[in-house]
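Listing of run37.txt, compact mmCIF, C-alpha atoms (C1' of nucleotides)
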# COMPACT_ATOMS: atom_id res chain seq x y z
CA MET L 147 -23.90 -33.11 31.37
CA ASP L 148 -22.31 -35.95 33.32
CA LEU L 149 -18.62 -35.42 33.81
CA SER L 150 -18.36 -37.65 36.87
CA HIS L 151 -16.52 -40.47 35.13
CA PHE L 152 -13.65 -38.14 34.28
CA PRO L 153 -11.03 -37.70 36.96
CA PRO L 154 -10.00 -34.14 37.83
CA ILE L 155 -7.43 -32.73 35.45
CA ALA L 156 -6.33 -29.47 37.08
CA GLU L 157 -3.61 -30.96 39.29
CA ARG L 158 -2.05 -32.91 36.43
CA LEU L 159 -2.15 -29.87 34.16
CA ILE L 160 -0.56 -27.62 36.77
CA ALA L 161 2.22 -30.13 37.38
CA TRP L 162 2.77 -30.48 33.63
CA GLN L 163 2.90 -26.71 33.17
CA LYS L 164 5.68 -26.31 35.73
CA GLN L 165 7.82 -28.85 33.88
CA HIS L 166 6.92 -28.48 30.23
CA GLY L 167 4.99 -25.23 29.78
CA ARG L 168 6.20 -21.95 28.30
CA HIS L 169 7.74 -19.63 30.88
CA ASP L 170 9.65 -16.97 28.95
CA LEU L 171 7.16 -15.14 26.73
CA PRO L 172 7.50 -11.34 27.01
CA TRP L 173 4.19 -10.93 28.84
CA GLN L 174 4.88 -13.66 31.38
CA ASN L 175 6.63 -13.28 34.72
CA THR L 176 4.65 -10.15 35.54
CA THR L 177 1.41 -9.49 37.37
CA ASP L 178 1.00 -6.01 35.88
CA PRO L 179 -2.61 -6.13 34.65
CA TYR L 180 -1.88 -3.51 31.99
CA ALA L 181 0.90 -5.55 30.42
CA ILE L 182 -1.19 -8.72 30.60
CA TRP L 183 -4.19 -6.91 29.11
CA VAL L 184 -2.22 -5.58 26.14
CA SER L 185 -0.85 -9.05 25.44
CA GLU L 186 -4.26 -10.72 25.69
CA ILE L 187 -5.82 -8.27 23.23
CA MET L 188 -2.98 -8.71 20.75
CA LEU L 189 -3.24 -12.48 21.10
CA GLN L 190 -6.93 -12.56 20.18
CA GLN L 191 -7.10 -14.63 16.98
CA THR L 192 -3.38 -14.03 16.53
CA GLN L 193 -0.56 -16.48 17.03
CA VAL L 194 2.15 -15.90 19.61
CA ALA L 195 4.95 -15.57 17.08
CA ALA L 196 3.13 -12.78 15.25
CA VAL L 197 2.52 -10.82 18.45
CA ILE L 198 5.93 -10.72 20.12
CA GLY L 199 7.45 -7.91 18.06
CA TYR L 200 4.31 -5.78 18.16
CA TYR L 201 4.00 -6.28 21.90
CA GLN L 202 7.52 -5.15 22.66
CA LYS L 203 7.25 -2.00 20.56
CA PHE L 204 3.81 -1.20 21.91
CA MET L 205 4.88 -1.54 25.54
CA GLN L 206 7.96 0.54 24.94
CA ARG L 207 5.88 3.36 23.43
CA PHE L 208 2.87 3.00 25.79
CA PRO L 209 4.23 1.57 29.06
CA THR L 210 1.26 2.56 31.24
CA ILE L 211 -2.49 3.03 31.12
CA ALA L 212 -1.97 6.79 31.38
CA SER L 213 0.47 6.92 28.48
CA LEU L 214 -1.89 4.94 26.27
CA ALA L 215 -4.90 7.03 27.24
CA ALA L 216 -3.02 10.26 26.48
CA ALA L 217 -1.79 9.12 23.07
CA SER L 218 -3.45 10.06 19.79
CA GLN L 219 -5.46 7.44 17.94
CA GLU L 220 -3.06 7.95 15.04
CA ASP L 221 -0.12 6.94 17.23
CA VAL L 222 -1.94 3.87 18.55
CA MET L 223 -3.06 2.74 15.11
CA GLN L 224 0.44 3.13 13.76
CA HIS L 225 1.67 0.64 16.36
CA TRP L 226 -1.09 -1.79 15.36
CA SER L 227 -0.66 -1.44 11.61
CA GLY L 228 -0.20 -4.91 10.08
CA LEU L 229 -1.56 -6.84 13.05
CA GLY L 230 -5.17 -6.88 11.84
CA TYR L 231 -8.55 -6.63 13.57
CA TYR L 232 -8.08 -2.90 14.10
CA SER L 233 -11.10 -2.54 16.36
CA ARG L 234 -8.88 -4.18 18.98
CA ALA L 235 -6.58 -1.14 18.90
CA ARG L 236 -9.42 1.36 18.96
CA ASN L 237 -11.06 -0.46 21.88
CA LEU L 238 -7.74 -0.73 23.75
CA HIS L 239 -7.27 3.01 23.41
CA LYS L 240 -10.86 3.70 24.44
CA ALA L 241 -10.66 1.36 27.44
CA ALA L 242 -7.51 3.10 28.68
CA GLN L 243 -9.37 6.40 28.60
CA ILE L 244 -12.31 4.84 30.46
CA MET L 245 -9.94 3.60 33.16
CA MET L 246 -8.51 7.10 33.55
CA ALA L 247 -11.99 8.64 33.79
CA GLU L 248 -13.87 6.01 35.77
CA HIS L 249 -11.29 3.88 37.61
CA GLN L 250 -8.82 6.54 38.78
CA GLY L 251 -6.29 5.35 36.21
CA VAL L 252 -6.07 1.94 37.89
CA PHE L 253 -6.88 -1.35 36.19
CA PRO L 254 -10.10 -2.63 37.83
CA ARG L 255 -9.84 -5.82 39.90
CA ASP L 256 -13.51 -6.74 39.69
CA PHE L 257 -14.30 -9.40 37.06
CA GLU L 258 -17.53 -7.76 35.90
CA ALA L 259 -15.83 -4.38 35.65
CA ILE L 260 -13.02 -5.88 33.57
CA GLN L 261 -15.43 -7.58 31.20
CA ALA L 262 -17.41 -4.36 30.83
CA LEU L 263 -14.43 -2.67 29.14
CA PRO L 264 -14.61 -2.51 25.34
CA GLY L 265 -12.79 -5.33 23.59
CA ILE L 266 -12.74 -7.58 26.67
CA GLY L 267 -15.09 -10.55 26.57
CA ARG L 268 -15.49 -13.36 29.06
CA SER L 269 -12.38 -15.33 28.14
CA THR L 270 -10.04 -12.34 27.96
CA ALA L 271 -11.42 -11.02 31.25
CA ALA L 272 -10.80 -14.44 32.79
CA ALA L 273 -7.24 -14.59 31.50
CA ILE L 274 -6.43 -11.15 32.94
CA SER L 275 -8.15 -12.05 36.20
CA SER L 276 -6.20 -15.28 36.53
CA PHE L 277 -2.78 -13.96 35.61
CA ALA L 278 -2.93 -10.57 37.30
CA PHE L 279 -5.24 -11.07 40.26
CA GLY L 280 -5.46 -14.83 40.84
CA LEU L 281 -9.23 -14.97 40.42
CA PRO L 282 -10.71 -18.44 39.69
CA GLN L 283 -12.38 -17.56 36.39
CA PRO L 284 -12.24 -20.14 33.58
CA ILE L 285 -10.78 -19.19 30.20
CA LEU L 286 -12.02 -20.61 26.90
CA ASP L 287 -9.85 -19.78 23.92
CA GLY L 288 -9.11 -21.82 20.81
CA ASN L 289 -6.55 -23.94 22.65
CA VAL L 290 -8.85 -24.78 25.52
CA LYS L 291 -11.72 -25.57 23.18
CA ARG L 292 -9.55 -28.06 21.32
CA VAL L 293 -8.25 -29.73 24.51
CA PHE L 294 -11.73 -30.04 26.00
CA ALA L 295 -13.42 -31.12 22.76
CA ARG L 296 -10.96 -34.00 22.56
CA TYR L 297 -10.67 -34.95 26.18
CA PHE L 298 -14.44 -34.80 26.82
CA LEU L 299 -15.52 -35.95 23.33
CA VAL L 300 -17.50 -32.83 22.51
CA ASP L 301 -18.94 -33.08 19.00
CA GLY L 302 -19.77 -30.14 16.76
CA TRP L 303 -17.92 -27.02 15.70
CA PRO L 304 -16.83 -25.10 18.84
CA GLY L 305 -17.93 -21.83 17.25
CA GLN L 306 -21.51 -23.06 17.30
CA PRO L 307 -23.23 -21.38 20.27
CA SER L 308 -24.70 -24.63 21.60
CA VAL L 309 -21.29 -26.33 21.48
CA GLU L 310 -19.58 -23.33 23.01
CA LYS L 311 -22.10 -23.36 25.83
CA LYS L 312 -21.20 -27.00 26.62
CA LEU L 313 -17.52 -26.12 26.62
CA TRP L 314 -18.08 -23.23 29.04
CA GLN L 315 -19.89 -25.62 31.39
CA ILE L 316 -16.94 -27.99 31.25
CA ALA L 317 -14.55 -25.10 31.86
CA GLU L 318 -16.53 -24.07 34.94
CA ARG L 319 -16.60 -27.62 36.31
CA MET L 320 -12.86 -28.13 35.85
CA GLN L 321 -11.80 -24.75 37.24
CA PRO L 322 -9.54 -25.13 40.31
CA GLN L 323 -9.57 -22.63 43.17
CA THR L 324 -5.79 -22.53 43.59
CA ALA L 325 -2.91 -21.82 41.19
CA MET L 326 -5.33 -20.19 38.77
CA GLY L 327 -2.68 -18.50 36.65
CA THR L 328 -0.65 -21.68 36.28
CA TYR L 329 -3.76 -23.64 35.39
CA ALA L 330 -4.86 -21.17 32.70
CA GLN L 331 -1.36 -21.11 31.26
CA ALA L 332 -1.27 -24.91 31.33
CA LEU L 333 -4.40 -25.21 29.21
CA MET L 334 -3.10 -22.71 26.67
CA ASP L 335 0.36 -24.24 26.52
CA LEU L 336 -0.96 -27.78 26.22
CA GLY L 337 -3.19 -26.72 23.35
CA ALA L 338 -0.45 -24.71 21.66
CA THR L 339 2.40 -27.21 21.96
CA VAL L 340 0.96 -30.72 22.47
CA CYS L 341 -2.75 -30.89 21.71
CA VAL L 342 -2.23 -29.09 18.40
CA ARG L 343 -4.72 -29.23 15.53
CA SER L 344 -2.90 -31.62 13.23
CA ARG L 345 -0.69 -34.47 14.37
CA PRO L 346 -1.00 -33.82 18.11
CA ARG L 347 1.74 -35.27 20.28
CA CYS L 348 -0.48 -37.47 22.41
CA ALA L 349 2.45 -39.51 23.68
CA ASN L 350 3.64 -36.39 25.52
CA CYS L 351 0.26 -35.44 26.93
CA PRO L 352 -0.39 -35.53 30.68
CA LEU L 353 -4.03 -36.44 29.94
CA GLN L 354 -3.37 -39.34 27.58
CA GLU L 355 -4.52 -42.06 30.01
CA ASP L 356 -8.12 -40.89 30.02
CA CYS L 357 -8.53 -38.70 26.93
CA GLY L 358 -11.85 -39.55 25.29
CA ALA L 359 -10.79 -38.83 21.74
CA LEU L 360 -7.55 -40.80 22.09
CA SER L 361 -9.33 -43.85 23.50
CA MET L 362 -11.94 -43.70 20.72
CA ASP L 363 -9.35 -42.99 18.02
CA ARG L 364 -11.14 -39.74 17.18
CA VAL L 365 -8.30 -37.31 17.80
CA SER L 366 -8.00 -36.30 14.16
CA GLU L 367 -11.71 -35.54 13.79
CA LEU L 368 -12.11 -33.45 16.94
CA PRO L 369 -12.79 -30.65 17.31
CA ALA L 370 -15.08 -30.54 14.28
CA SER L 371 -14.02 -27.95 11.76
CA LYS L 372 -16.00 -24.91 10.85
CA PRO L 373 -18.56 -25.47 8.08
CA ARG L 374 -17.04 -23.56 5.22
CA LYS L 375 -18.75 -21.43 2.65
CA THR L 376 -17.40 -20.02 -0.54
CA ILE L 377 -16.37 -16.45 0.09
CA PRO L 378 -17.26 -13.74 -2.43
CA GLU L 379 -14.61 -11.99 -4.50
CA LYS L 380 -14.43 -8.28 -5.14
CA THR L 381 -12.31 -6.27 -7.52
CA VAL L 382 -11.26 -2.67 -6.97
CA GLN L 383 -8.90 -0.20 -8.52
CA MET L 384 -6.70 1.69 -6.08
CA LEU L 385 -5.47 5.00 -7.38
CA VAL L 386 -2.03 6.24 -6.40
CA MET L 387 -2.11 9.96 -7.09
CA THR L 388 1.19 11.68 -6.61
CA HIS L 389 2.35 15.28 -6.66
CA GLY L 390 6.11 15.49 -6.44
CA ASN L 391 7.07 13.22 -3.58
CA ARG L 392 3.61 13.31 -2.01
CA VAL L 393 0.86 10.72 -2.31
CA LEU L 394 -2.86 11.17 -1.74
CA LEU L 395 -4.27 9.12 1.16
CA GLN L 396 -7.73 8.94 2.67
CA LYS L 397 -8.56 8.31 6.32
CA ARG L 398 -11.05 5.48 6.61
CA PRO L 399 -13.96 5.71 9.05
CA ASP L 400 -13.71 3.75 12.33
CA SER L 401 -16.41 1.32 11.30
CA GLY L 402 -15.91 -1.22 8.56
CA ILE L 403 -12.87 -2.80 7.02
CA TRP L 404 -9.49 -1.22 7.86
CA GLY L 405 -11.25 1.17 10.23
CA GLY L 406 -9.12 4.12 11.30
CA LEU L 407 -6.33 3.40 8.83
CA TRP L 408 -5.02 5.47 5.94
CA SER L 409 -5.81 4.05 2.53
CA LEU L 410 -5.82 4.88 -1.17
CA PRO L 411 -8.86 6.13 -3.08
CA GLU L 412 -10.83 3.20 -4.47
CA LEU L 413 -12.46 3.23 -7.89
CA GLU L 414 -14.49 0.61 -9.65
CA LEU L 415 -12.52 -1.51 -12.03
CA GLY L 416 -13.29 0.20 -15.34
CA GLN L 417 -13.70 3.68 -13.90
CA ASP L 418 -11.61 6.35 -15.59
CA SER L 419 -8.93 7.69 -13.26
CA GLN L 420 -8.51 11.03 -14.94
CA ALA L 421 -12.25 11.69 -14.97
CA TRP L 422 -12.50 10.66 -11.33
CA GLY L 423 -9.64 12.95 -10.33
CA LYS L 424 -11.21 15.85 -12.15
CA GLN L 425 -14.68 15.29 -10.72
CA THR L 426 -13.89 14.62 -7.07
CA MET L 427 -10.69 16.58 -6.59
CA GLY L 428 -10.62 19.04 -9.48
CA LEU L 429 -7.26 17.69 -10.52
CA ASP L 430 -5.74 17.22 -13.93
CA GLY L 431 -3.82 13.98 -13.85
CA HIS L 432 -1.45 12.53 -16.39
CA ALA L 433 -2.35 9.27 -18.07
CA PRO L 434 -2.42 6.58 -15.36
CA ALA L 435 0.29 3.91 -15.46
CA SER L 436 -0.28 0.38 -14.23
CA LEU L 437 1.71 -0.03 -11.01
CA MET L 438 0.92 -3.51 -9.72
CA ARG L 439 -1.83 -6.05 -9.15
CA LEU L 440 -2.33 -8.09 -6.01
CA THR L 441 -4.91 -10.24 -4.30
CA HIS L 442 -5.68 -9.84 -0.62
CA VAL L 443 -7.65 -12.52 1.20
CA PHE L 444 -9.84 -11.66 4.17
CA THR L 445 -11.83 -14.00 6.37
CA HIS L 446 -15.04 -13.29 4.53
CA PHE L 447 -14.05 -12.12 1.06
CA LYS L 448 -11.23 -11.99 -1.44
CA LEU L 449 -10.13 -8.65 -2.83
CA HIS L 450 -8.42 -8.24 -6.19
CA ILE L 451 -6.59 -4.93 -6.35
CA THR L 452 -5.32 -3.15 -9.43
CA ALA L 453 -3.08 -0.24 -8.46
CA ASN L 454 -2.63 2.55 -10.96
CA HIS L 455 -0.26 5.46 -10.65
CA MET L 456 -1.41 8.90 -11.78
CA PRO L 457 0.89 11.89 -11.24
CA VAL L 458 -0.69 15.32 -11.14
CA ALA L 459 1.23 18.41 -12.18
CA ALA L 460 -0.60 21.13 -10.29
CA LEU L 461 -2.42 21.10 -6.97
CA PRO L 462 -5.29 23.62 -6.88
CA LEU L 463 -6.80 24.66 -3.55
CA GLN L 464 -9.93 22.58 -3.91
CA ALA L 465 -7.72 19.48 -3.74
CA GLN L 466 -7.42 20.03 0.02
CA GLU L 467 -10.54 18.13 1.02
CA PRO L 468 -11.15 17.13 4.63
CA GLY L 469 -10.27 13.49 5.28
CA TRP L 470 -7.76 13.50 2.46
CA HIS L 471 -4.09 14.10 2.95
CA TRP L 472 -1.14 14.58 0.67
CA MET L 473 1.56 12.72 2.56
CA PRO L 474 5.26 12.50 1.72
CA LEU L 475 5.88 8.98 0.45
CA ASP L 476 8.48 8.07 3.06
CA VAL L 477 6.14 9.23 5.82
CA ALA L 478 3.18 7.42 4.28
CA ILE L 479 4.98 4.09 4.23
CA ASP L 480 5.39 4.27 8.01
CA ALA L 481 1.83 5.45 8.64
CA ALA L 482 -1.07 3.30 9.85
CA LEU L 483 -1.76 1.44 6.62
CA PRO L 484 -3.43 -1.81 5.61
CA VAL L 485 -0.92 -4.40 4.45
CA PRO L 486 -1.78 -4.31 0.72
CA VAL L 487 -1.64 -0.50 0.66
CA ARG L 488 1.81 -0.60 2.24
CA LYS L 489 2.90 -3.08 -0.44
CA ILE L 490 1.66 -0.74 -3.18
CA LEU L 491 3.45 2.28 -1.74
CA GLN L 492 6.63 0.27 -1.30
CA ALA L 493 6.43 -0.73 -4.95
CA LEU L 494 6.04 2.92 -5.91
CA ALA L 495 9.00 3.90 -3.75
CA ALA L 496 11.11 1.17 -5.31
CA GLN L 497 10.11 2.32 -8.79
CA GLN L 498 10.94 5.94 -8.04
CA HIS L 499 14.19 4.98 -6.39
CA GLY L 500 15.06 2.97 -9.46
CA ALA L 501 14.21 5.90 -11.70
CA ALA L 502 16.29 8.23 -9.55
CA SER L 503 19.31 5.94 -9.71
CA ALA L 504 18.96 5.65 -13.47
CA LYS L 505 18.91 9.42 -13.72
CA GLN L 506 21.98 9.64 -11.49
CA ARG L 507 23.82 7.19 -13.71
CA GLN L 508 22.79 9.15 -16.75
CA LEU L 509 24.03 12.40 -15.22
CA ALA L 510 27.28 10.76 -14.26
CA LEU L 511 27.87 9.84 -17.88
CA VAL L 512 27.37 13.40 -19.15
C1' DA C 103 -27.74 -17.56 14.92
C1' DA C 104 -24.98 -15.50 11.65
C1' DG C 105 -22.03 -12.01 9.93
C1' DC C 106 -18.21 -8.82 10.42
C1' DC C 107 -13.51 -7.90 11.37
C1' DG C 108 -6.92 -9.11 9.17
C1' DG C 109 -3.00 -11.03 8.59
C1' DG C 110 -0.03 -14.80 8.78
C1' DG C 111 1.62 -19.54 10.18
C1' DA C 112 1.18 -24.44 9.45
C1' DT C 113 0.10 -28.21 6.63
C1' DA F 147 -5.64 -24.38 -1.10
C1' DT F 148 -7.46 -24.91 3.55
C1' DC F 149 -7.73 -24.32 8.38
C1' DC F 150 -7.20 -21.73 12.33
C1' DC F 151 -4.97 -18.63 15.71
C1' DA F 152 -4.62 -16.51 23.97
C1' DG F 153 -12.27 -13.57 20.32
C1' DG F 154 -15.48 -9.79 20.60
C1' DC F 155 -19.03 -6.98 18.73
C1' DT F 156 -23.07 -6.04 15.87
C1' DT F 157 -27.16 -7.24 13.58

This entry written out as structure tokens:
Amino acid sequence: MDLSHFPPIAERLIAWQKQHGRHDLPWQNTTDPYAIWVSEIMLQQTQVAAVIGYYQKFMQRFPTIASLAAASQEDVMQHWSGLGYYSRARNLHKAAQIMMAEHQGVFPRDFEAIQALPGIGRSTAAAISSFAFGLPQPILDGNVKRVFARYFLVDGWPGQPSVEKKLWQIAERMQPQTAMGTYAQALMDLGATVCVRSRPRCANCPLQEDCGALSMDRVSELPASKPRKTIPEKTVQMLVMTHGNRVLLQKRPDSGIWGGLWSLPELELGQDSQAWGKQTMGLDGHAPASLMRLTHVFTHFKLHITANHMPVAALPLQAQEPGWHWMPLDVAIDAALPVPVRKILQALAAQQHGAASAKQRQLALV
DNA sequence: AAGCCGGGGAT
DNA sequence: ATCCCAGGCTT
């Protein structure tokens, strides 16, 4: 690829960053590789605004590699609950334990060693290397892909391997050998605040004089968007079994959707709740009551959930199956749950609270 | 190369 | 309703 007719951009970007970039995010103004690592993992496929609160709580609870490595998976997952892509949390936890066992509890400084840790790919390893250690490794996240696709007129969807390969080559060619952290931050900040997806602010861009897409009037069509397919839809029934103030939850396996989180038992749509409770748990449930319906959209499918509430009067011993847990409702709501499950339990809590208040009012009248 | 893995912000 | 976000891992 011939990039010779493009002037170097690093110096302009670095100068722009010092004046117009972001400087006060919670994970900036530190060279602690642990803090930078945690932020980079949280920021994978997740916007800055969504991360800030999670980051602060996570760092307060797990301030060091050692504290994270020593924590239970349950504790780690609880601090990730709601953020999505839960393999990130499991890999973060696992990588901390690897660092304790194989790197003397110190974050490795070698680029290959960093990238070898679970959950850290080339771009994340490069970001950590630049910010924490000043290594000249190019990053290539969504922001950088957009900036380069426009500036260098790269056609095709950046998720396509052939297109991504071109973009990595550009990233390598543009990579400066000084001020690596500032340069990486400049690319991200330019993409996040100026070279945004829709209606970019080209008049404020330090690269406007020689941007390929701007000169060709192709800014709005680059980068090419992902070819979209219709996603399948699934319907499930989630059963909320309660005994007194406790609710039955099931720990999901690490692999698959919502891995490592607590969830509700799932039945097929027409499946009979009472029969299911009797067969799998040996429980006699009351007639199930419709609690709520909701639709949850994932990247690759849409899930229609019907939540039914079935109280059980007695709890025989065979109801204590491994992997299942009768959890007090107030505890369950703060556990590591998927978002729709938390919504269902909150609806149940609201309903029970309402019923309790009604009873109180009734008693007050007597 | 394509699929899997979440939840939310922006438009 | 659609796109995409400081992507990586598995098949």

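With all atoms listed in the file taken into account, chain C has DC107, DG108 and DG109 of chain C at most 7 Å from chain L.
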
| request: Please identify all polymer residues within 6 Å of stretch 270-276 of chain L, counting only C-alpha atoms (C1' of nucleotides), omitting same-chain residues fewer than 3 positions from it, and present them as a ChimeraX atom specification. | output: /L:260-261,266-267,279-281,283-285,326-327

| Computed interatomic separation between atom CA of L:Gly288 and atom CA of L:Gly305 (Å) | 9.5 Å

| task | Please provide as JSON, numbers by chain all residues within 7 Å of L:Ile160, with the sequence filter that same-chain residues fewer than 3 positions apart are discarded (counting all atoms listed in the file). | result | {"L": [156, 157, 163, 164, 328, 329, 332]}

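All chain F residues having an atom within 7 Å of chain L, based on all atoms listed in the file, amount to DC151, DA152, DG153 and DG154 of chain F.
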
| message | One decimal, in Å: what's the spacing between atom CA of L:Thr452 and atom CA of L:His432? | response | 17.6 Å

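Of note, atom CA of L:Val477 and atom CA of L:Gln425 are spaced 27.3 Å apart.
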
| query | Within 12 Å of F:DT157, counting only C-alpha atoms (C1' of nucleotides), which residues qualify if same-chain residues fewer than 5 places away don't, as a PyMOL selection string? | reply | chain C and resi 103-106

| What lies within 10 Å of L:Ala495 using only C-alpha atoms (C1' of nucleotides), ignoring chain neighbours under 5 positions off, as a ChimeraX atom specification? | /L:391,475-476,479,489-490,500-501

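Checking L:Gly337, L:Gly416, L:Pro411, L:Pro457 one by one against L:Met387, counting all atoms listed in the file, you find the shortest gap at L:Pro457.
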
Find the residues around L:Asp301 up to 9 Å (all atoms listed in the file counted), leave out those fewer than 2 positions away in its own chain, and share them as a tab-separated table (two decimals) with C-alpha atoms, keeping the file's coordinate frame.
chain	number	residue	atom	x	y	z
L	295	ALA	CA	-13.42	-31.12	22.76
L	296	ARG	CA	-10.96	-34.00	22.56
L	299	LEU	CA	-15.52	-35.95	23.33
L	303	TRP	CA	-17.92	-27.02	15.70
L	304	PRO	CA	-16.83	-25.10	18.84
L	309	VAL	CA	-21.29	-26.33	21.48
L	368	LEU	CA	-12.11	-33.45	16.94
L	369	PRO	CA	-12.79	-30.65	17.31
L	370	ALA	CA	-15.08	-30.54	14.28

Since the input is missing atoms, can you rebuild all heavy atoms for stretch 277-284 of chain L and write them as a PDB file, in the frame of the given file?
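Listed below is the output, rebuild-v3.pdb:
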ATOM      1  N   PHE L 277      -4.210 -14.269  35.618  1.00  0.00           N
ATOM      2  CA  PHE L 277      -2.780 -13.960  35.610  1.00  0.00           C
ATOM      3  C   PHE L 277      -2.424 -12.785  36.521  1.00  0.00           C
ATOM      4  O   PHE L 277      -1.383 -12.787  37.167  1.00  0.00           O
ATOM      5  CB  PHE L 277      -2.313 -13.656  34.182  1.00  0.00           C
ATOM      6  CG  PHE L 277      -2.413 -14.840  33.257  1.00  0.00           C
ATOM      7  CD1 PHE L 277      -2.893 -14.695  31.971  1.00  0.00           C
ATOM      8  CD2 PHE L 277      -2.008 -16.106  33.681  1.00  0.00           C
ATOM      9  CE1 PHE L 277      -2.988 -15.780  31.110  1.00  0.00           C
ATOM     10  CE2 PHE L 277      -2.096 -17.198  32.839  1.00  0.00           C
ATOM     11  CZ  PHE L 277      -2.586 -17.041  31.547  1.00  0.00           C
ATOM     12  N   ALA L 278      -3.290 -11.772  36.543  1.00  0.00           N
ATOM     13  CA  ALA L 278      -2.930 -10.570  37.300  1.00  0.00           C
ATOM     14  C   ALA L 278      -3.439 -10.610  38.736  1.00  0.00           C
ATOM     15  O   ALA L 278      -2.767 -10.110  39.644  1.00  0.00           O
ATOM     16  CB  ALA L 278      -3.489  -9.331  36.587  1.00  0.00           C
ATOM     17  N   PHE L 279      -4.610 -11.183  38.944  1.00  0.00           N
ATOM     18  CA  PHE L 279      -5.240 -11.070  40.260  1.00  0.00           C
ATOM     19  C   PHE L 279      -5.515 -12.414  40.922  1.00  0.00           C
ATOM     20  O   PHE L 279      -6.027 -12.458  42.044  1.00  0.00           O
ATOM     21  CB  PHE L 279      -6.561 -10.295  40.136  1.00  0.00           C
ATOM     22  CG  PHE L 279      -6.406  -8.942  39.494  1.00  0.00           C
ATOM     23  CD1 PHE L 279      -7.199  -8.556  38.425  1.00  0.00           C
ATOM     24  CD2 PHE L 279      -5.427  -8.055  39.946  1.00  0.00           C
ATOM     25  CE1 PHE L 279      -7.056  -7.308  37.828  1.00  0.00           C
ATOM     26  CE2 PHE L 279      -5.269  -6.806  39.359  1.00  0.00           C
ATOM     27  CZ  PHE L 279      -6.077  -6.431  38.291  1.00  0.00           C
ATOM     28  N   GLY L 280      -5.248 -13.529  40.233  1.00  0.00           N
ATOM     29  CA  GLY L 280      -5.460 -14.830  40.840  1.00  0.00           C
ATOM     30  C   GLY L 280      -6.920 -15.162  41.107  1.00  0.00           C
ATOM     31  O   GLY L 280      -7.240 -15.882  42.047  1.00  0.00           O
ATOM     32  N   LEU L 281      -7.804 -14.646  40.254  1.00  0.00           N
ATOM     33  CA  LEU L 281      -9.230 -14.970  40.420  1.00  0.00           C
ATOM     34  C   LEU L 281      -9.545 -16.286  39.700  1.00  0.00           C
ATOM     35  O   LEU L 281      -9.031 -16.540  38.621  1.00  0.00           O
ATOM     36  CB  LEU L 281     -10.102 -13.850  39.855  1.00  0.00           C
ATOM     37  CG  LEU L 281      -9.952 -12.471  40.501  1.00  0.00           C
ATOM     38  CD1 LEU L 281     -10.861 -11.457  39.801  1.00  0.00           C
ATOM     39  CD2 LEU L 281     -10.282 -12.543  41.986  1.00  0.00           C
ATOM     40  N   PRO L 282     -10.410 -17.123  40.288  1.00  0.00           N
ATOM     41  CA  PRO L 282     -10.710 -18.440  39.690  1.00  0.00           C
ATOM     42  C   PRO L 282     -11.752 -18.370  38.577  1.00  0.00           C
ATOM     43  O   PRO L 282     -12.809 -18.986  38.668  1.00  0.00           O
ATOM     44  CB  PRO L 282     -11.224 -19.241  40.885  1.00  0.00           C
ATOM     45  CG  PRO L 282     -11.866 -18.226  41.762  1.00  0.00           C
ATOM     46  CD  PRO L 282     -11.076 -16.951  41.594  1.00  0.00           C
ATOM     47  N   GLN L 283     -11.457 -17.638  37.517  1.00  0.00           N
ATOM     48  CA  GLN L 283     -12.380 -17.560  36.390  1.00  0.00           C
ATOM     49  C   GLN L 283     -11.856 -18.413  35.245  1.00  0.00           C
ATOM     50  O   GLN L 283     -10.695 -18.294  34.867  1.00  0.00           O
ATOM     51  CB  GLN L 283     -12.519 -16.103  35.920  1.00  0.00           C
ATOM     52  CG  GLN L 283     -13.246 -15.197  36.895  1.00  0.00           C
ATOM     53  CD  GLN L 283     -14.738 -15.479  36.950  1.00  0.00           C
ATOM     54  OE1 GLN L 283     -15.288 -16.111  36.053  1.00  0.00           O
ATOM     55  NE2 GLN L 283     -15.392 -15.014  38.011  1.00  0.00           N
ATOM     56  N   PRO L 284     -12.708 -19.271  34.666  1.00  0.00           N
ATOM     57  CA  PRO L 284     -12.240 -20.140  33.580  1.00  0.00           C
ATOM     58  C   PRO L 284     -12.053 -19.381  32.270  1.00  0.00           C
ATOM     59  O   PRO L 284     -12.851 -18.500  31.932  1.00  0.00           O
ATOM     60  CB  PRO L 284     -13.366 -21.160  33.445  1.00  0.00           C
ATOM     61  CG  PRO L 284     -14.586 -20.442  33.921  1.00  0.00           C
ATOM     62  CD  PRO L 284     -14.114 -19.515  35.012  1.00  0.00           C
TER      63      PRO L 284
END
